[in-house]
file work-v8.cif (mmCIF, C-alpha atoms)
data_model
#
loop_
_atom_site.label_atom_id
_atom_site.label_comp_id
_atom_site.auth_asym_id
_atom_site.auth_seq_id
_atom_site.Cartn_x
_atom_site.Cartn_y
_atom_site.Cartn_z
CA MET A 6 25.42 26.81 8.07
CA GLY A 7 25.35 24.72 4.90
CA THR A 8 22.53 23.49 2.75
CA ALA A 9 19.05 22.91 4.12
CA LYS A 10 17.03 19.99 2.79
CA ILE A 11 13.35 20.84 3.24
CA ILE A 12 10.69 18.21 2.61
CA CYS A 13 7.02 19.09 2.29
CA ASN A 14 3.69 17.98 0.95
CA GLU A 15 0.40 19.77 0.37
CA ASN A 16 -0.28 19.69 4.15
CA GLY A 17 2.90 21.52 5.20
CA ILE A 18 6.59 21.20 6.01
CA GLN A 19 7.53 17.65 6.99
CA SER A 20 11.19 18.12 7.86
CA VAL A 21 14.14 20.50 7.70
CA ILE A 22 17.59 18.94 7.75
CA PHE A 23 20.87 20.87 7.56
CA LEU A 24 23.41 18.91 5.55
CA ASP A 25 27.15 18.91 6.23
CA GLU A 26 28.12 18.09 2.66
CA LYS A 27 27.55 20.20 -0.41
CA VAL A 28 24.80 18.93 -2.67
CA PRO A 29 23.38 20.30 -5.90
CA THR A 30 20.48 22.64 -5.28
CA SER A 31 17.29 22.73 -7.27
CA ILE A 32 16.50 25.75 -9.42
CA GLU A 33 12.78 25.01 -9.38
CA ILE A 34 11.03 25.30 -6.05
CA ALA A 35 8.02 23.10 -5.33
CA ALA A 36 4.82 25.04 -4.67
CA CYS A 37 4.62 23.75 -1.09
CA LEU A 38 8.11 25.20 -0.39
CA LYS A 39 7.84 28.66 -1.92
CA ASP A 40 6.56 30.39 1.23
CA CYS A 41 9.09 28.57 3.41
CA VAL A 42 12.03 29.49 1.16
CA LEU A 43 10.92 33.13 0.98
CA LYS A 44 10.66 33.41 4.77
CA LEU A 45 13.99 31.66 5.41
CA ASN A 46 15.78 33.86 2.84
CA LYS A 47 14.44 36.99 4.57
CA TYR A 48 15.55 35.58 7.94
CA PHE A 49 19.10 34.89 6.75
CA GLU A 50 19.24 38.35 5.11
CA GLY A 51 18.42 39.86 8.52
CA LYS A 52 15.08 41.26 7.30
CA LYS A 53 12.84 38.99 9.38
CA THR A 54 13.22 37.62 12.90
CA GLU A 55 9.91 35.79 13.32
CA PHE A 56 7.89 33.63 10.98
CA GLU A 57 5.39 30.79 10.98
CA PHE A 58 5.09 27.65 8.89
CA THR A 59 2.36 25.09 8.54
CA ILE A 60 4.01 21.87 9.62
CA HIS A 61 2.98 18.30 8.99
CA PRO A 62 5.77 16.21 10.51
CA LYS A 63 6.44 12.77 9.11
CA ALA A 64 6.58 10.82 12.36
CA THR A 65 5.19 7.87 14.23
CA THR A 66 2.24 8.28 16.61
CA PHE A 67 4.65 8.01 19.55
CA GLN A 68 6.96 10.71 18.13
CA LEU A 69 4.04 13.08 17.65
CA LYS A 70 2.93 12.60 21.27
CA VAL A 71 6.33 13.56 22.69
#
call {"tool": "encode", "arguments": {"input": "work-v8.cif", "output": "structure tokens"}}
result
Amino acid sequence: MGTAKIICNENGIQSVIFLDEKVPTSIEIAACLKDCVLKLNKYFEGKKTEFEFTIHPKATTFQLKV
């Protein structure tokens, strides 16, 4: 599947992008990502099949409406 680039702020997850190329990964996880990373790790380990995230998409007004 590759590397996932997850962007967040204090309001929630703004975007998740799966990258085709290999990129260096961060050892330190931002506070706003810790819950997301934990849930995704459990999902990919086969230990969890459902989960919820607080999302706060970075989008235009039009994009949010559709």
call {"tool": "resolve_selection", "arguments": {"input": "work-v8.cif", "expression": "the PyMOL selection byres ((chain A and resi 29) around 12)", "output": "PyMOL selection string"}}
result
chain A and resi 7-10+24+26-28+30-32
call {"tool": "resolve_selection", "arguments": {"input": "work-v8.cif", "expression": "the PyMOL selection byres ((chain A and resi 57) around 9)", "output": "list in words"}}
result
Cys41, Lys44, Glu55, Phe56, Phe58 and Thr59 of chain A
call {"tool": "write_last_selection", "arguments": {"input": "work-v8.cif", "atoms": "C-alpha atoms", "output": "PDB file, in the coordinates of the input"}}
result
ATOM      1  CA  CYS A  41       9.090  28.570   3.410  1.00  0.00           C
ATOM      2  CA  LYS A  44      10.660  33.410   4.770  1.00  0.00           C
ATOM      3  CA  GLU A  55       9.910  35.790  13.320  1.00  0.00           C
ATOM      4  CA  PHE A  56       7.890  33.630  10.980  1.00  0.00           C
ATOM      5  CA  PHE A  58       5.090  27.650   8.890  1.00  0.00           C
ATOM      6  CA  THR A  59       2.360  25.090   8.540  1.00  0.00           C
TER       7      THR A  59
END
call {"tool": "resolve_selection", "arguments": {"input": "work-v8.cif", "expression": "the PyMOL selection byres ((chain A and resi 36) around 12)", "output": "list in words"}}
result
Ile12, Cys13, Asn14, Glu15, Asn16, Gly17, Ile18, Glu33, Ile34, Ala35, Cys37, Leu38, Lys39, Asp40, Cys41, Val42 and Leu43 of chain A
call {"tool": "atom_distance", "arguments": {"input": "work-v8.cif", "atom1": "CA of Leu45 (chain A)", "atom2": "CA of Ile11 (chain A)"}}
result
11.1 Å
call {"tool": "atom_distance", "arguments": {"input": "work-v8.cif", "atom1": "CA of Tyr48 (chain A)", "atom2": "CA of Lys63 (chain A)"}}
result
24.6 Å
call {"tool": "atom_distance", "arguments": {"input": "work-v8.cif", "atom1": "CA of Asp25 (chain A)", "atom2": "CA of Gln68 (chain A)"}}
result
24.8 Å
call {"tool": "axis_aligned_box", "arguments": {"input": "work-v8.cif", "around": "region 17-30 of chain A", "padding_each_side": "6 Å", "output": "AutoDock Vina command-line options"}}
result
--center_x 15.5 --center_y 20.1 --center_z 1.0 --size_x 37.2 --size_y 17.0 --size_z 25.8
call {"tool": "decode", "arguments": {"input": "work-v8.cif", "residues": "region 19-60 of chain A", "atoms": "N, CA and C atoms", "output": "tab-separated table (two decimals), in the first residue's frame"}}
result
chain	number	residue	atom	x	y	z
A	19	GLN	N	-7.13	16.39	8.47
A	19	GLN	CA	-7.44	17.22	7.30
A	19	GLN	C	-7.33	16.43	6.00
A	20	SER	N	-6.37	15.52	5.92
A	20	SER	CA	-6.25	14.72	4.71
A	20	SER	C	-5.40	13.48	4.96
A	21	VAL	N	-5.67	12.46	4.16
A	21	VAL	CA	-4.87	11.23	4.15
A	21	VAL	C	-4.54	10.96	2.69
A	22	ILE	N	-3.26	10.90	2.39
A	22	ILE	CA	-2.81	10.69	1.02
A	22	ILE	C	-1.85	9.50	1.03
A	23	PHE	N	-2.08	8.52	0.15
A	23	PHE	CA	-1.16	7.40	0.02
A	23	PHE	C	-0.17	7.73	-1.08
A	24	LEU	N	1.11	7.69	-0.73
A	24	LEU	CA	2.18	8.08	-1.64
A	24	LEU	C	2.72	6.86	-2.39
A	25	ASP	N	3.06	7.04	-3.65
A	25	ASP	CA	3.64	5.97	-4.45
A	25	ASP	C	5.12	5.79	-4.16
A	26	GLU	N	5.79	6.90	-3.87
A	26	GLU	CA	7.24	6.84	-3.64
A	26	GLU	C	7.55	6.67	-2.16
A	27	LYS	N	8.72	6.14	-1.89
A	27	LYS	CA	9.16	6.00	-0.50
A	27	LYS	C	9.68	7.34	-0.01
A	28	VAL	N	9.27	7.70	1.17
A	28	VAL	CA	9.72	8.95	1.79
A	28	VAL	C	10.14	8.64	3.22
A	29	PRO	N	11.04	9.43	3.76
A	29	PRO	CA	11.41	9.20	5.17
A	29	PRO	C	10.20	9.40	6.08
A	30	THR	N	10.08	8.54	7.08
A	30	THR	CA	8.98	8.67	8.01
A	30	THR	C	9.46	9.32	9.29
A	31	SER	N	8.56	9.97	9.96
A	31	SER	CA	8.88	10.67	11.19
A	31	SER	C	8.83	9.70	12.37
A	32	ILE	N	9.77	9.82	13.27
A	32	ILE	CA	9.77	9.01	14.48
A	32	ILE	C	8.80	9.59	15.49
A	33	GLU	N	8.76	10.91	15.57
A	33	GLU	CA	7.84	11.57	16.49
A	33	GLU	C	6.49	11.77	15.82
A	34	ILE	N	5.44	11.48	16.56
A	34	ILE	CA	4.08	11.61	16.04
A	34	ILE	C	3.41	12.79	16.71
A	35	ALA	N	2.89	13.70	15.90
A	35	ALA	CA	2.19	14.87	16.43
A	35	ALA	C	1.01	14.42	17.28
A	36	ALA	N	0.69	15.18	18.30
A	36	ALA	CA	-0.39	14.82	19.23
A	36	ALA	C	-1.71	14.60	18.50
A	37	CYS	N	-1.99	15.41	17.49
A	37	CYS	CA	-3.26	15.29	16.77
A	37	CYS	C	-3.33	14.02	15.92
A	38	LEU	N	-2.19	13.33	15.73
A	38	LEU	CA	-2.16	12.12	14.91
A	38	LEU	C	-2.10	10.83	15.71
A	39	LYS	N	-1.80	10.91	16.98
A	39	LYS	CA	-1.56	9.69	17.77
A	39	LYS	C	-2.73	8.72	17.72
A	40	ASP	N	-3.96	9.20	17.91
A	40	ASP	CA	-5.12	8.33	17.88
A	40	ASP	C	-5.31	7.72	16.49
A	41	CYS	N	-5.13	8.53	15.47
A	41	CYS	CA	-5.28	8.07	14.09
A	41	CYS	C	-4.27	6.97	13.78
A	42	VAL	N	-3.01	7.17	14.13
A	42	VAL	CA	-1.96	6.20	13.86
A	42	VAL	C	-2.23	4.90	14.61
A	43	LEU	N	-2.64	4.99	15.86
A	43	LEU	CA	-2.95	3.81	16.65
A	43	LEU	C	-4.07	2.99	15.99
A	44	LYS	N	-5.14	3.66	15.59
A	44	LYS	CA	-6.27	2.96	14.97
A	44	LYS	C	-5.89	2.35	13.62
A	45	LEU	N	-5.14	3.08	12.81
A	45	LEU	CA	-4.73	2.53	11.51
A	45	LEU	C	-3.78	1.35	11.68
A	46	ASN	N	-2.86	1.42	12.63
A	46	ASN	CA	-1.97	0.28	12.89
A	46	ASN	C	-2.77	-0.96	13.27
A	47	LYS	N	-3.76	-0.80	14.15
A	47	LYS	CA	-4.60	-1.94	14.55
A	47	LYS	C	-5.39	-2.49	13.36
A	48	TYR	N	-5.84	-1.59	12.48
A	48	TYR	CA	-6.56	-2.02	11.28
A	48	TYR	C	-5.65	-2.86	10.38
A	49	PHE	N	-4.46	-2.38	10.10
A	49	PHE	CA	-3.55	-3.10	9.21
A	49	PHE	C	-2.99	-4.37	9.84
A	50	GLU	N	-3.03	-4.48	11.17
A	50	GLU	CA	-2.64	-5.70	11.86
A	50	GLU	C	-3.79	-6.71	11.90
A	51	GLY	N	-4.96	-6.32	11.42
A	51	GLY	CA	-6.13	-7.19	11.42
A	51	GLY	C	-6.85	-7.25	12.76
A	52	LYS	N	-6.53	-6.34	13.67
A	52	LYS	CA	-7.13	-6.35	15.00
A	52	LYS	C	-8.36	-5.45	15.10
A	53	LYS	N	-8.61	-4.65	14.09
A	53	LYS	CA	-9.73	-3.70	14.14
A	53	LYS	C	-10.29	-3.57	12.72
A	54	THR	N	-11.62	-3.59	12.62
A	54	THR	CA	-12.22	-3.46	11.29
A	54	THR	C	-13.05	-2.18	11.16
A	55	GLU	N	-13.35	-1.53	12.28
A	55	GLU	CA	-14.10	-0.28	12.24
A	55	GLU	C	-13.45	0.72	13.18
A	56	PHE	N	-13.47	1.97	12.77
A	56	PHE	CA	-12.93	3.03	13.63
A	56	PHE	C	-13.49	4.36	13.18
A	57	GLU	N	-13.38	5.35	14.03
A	57	GLU	CA	-13.87	6.70	13.72
A	57	GLU	C	-12.76	7.70	13.97
A	58	PHE	N	-12.77	8.75	13.16
A	58	PHE	CA	-11.83	9.86	13.32
A	58	PHE	C	-12.63	11.16	13.33
A	59	THR	N	-12.12	12.14	14.03
A	59	THR	CA	-12.65	13.49	13.89
A	59	THR	C	-11.97	14.08	12.67
A	60	ILE	N	-12.76	14.50	11.71
A	60	ILE	CA	-12.16	15.06	10.50
A	60	ILE	C	-12.46	16.55	10.42
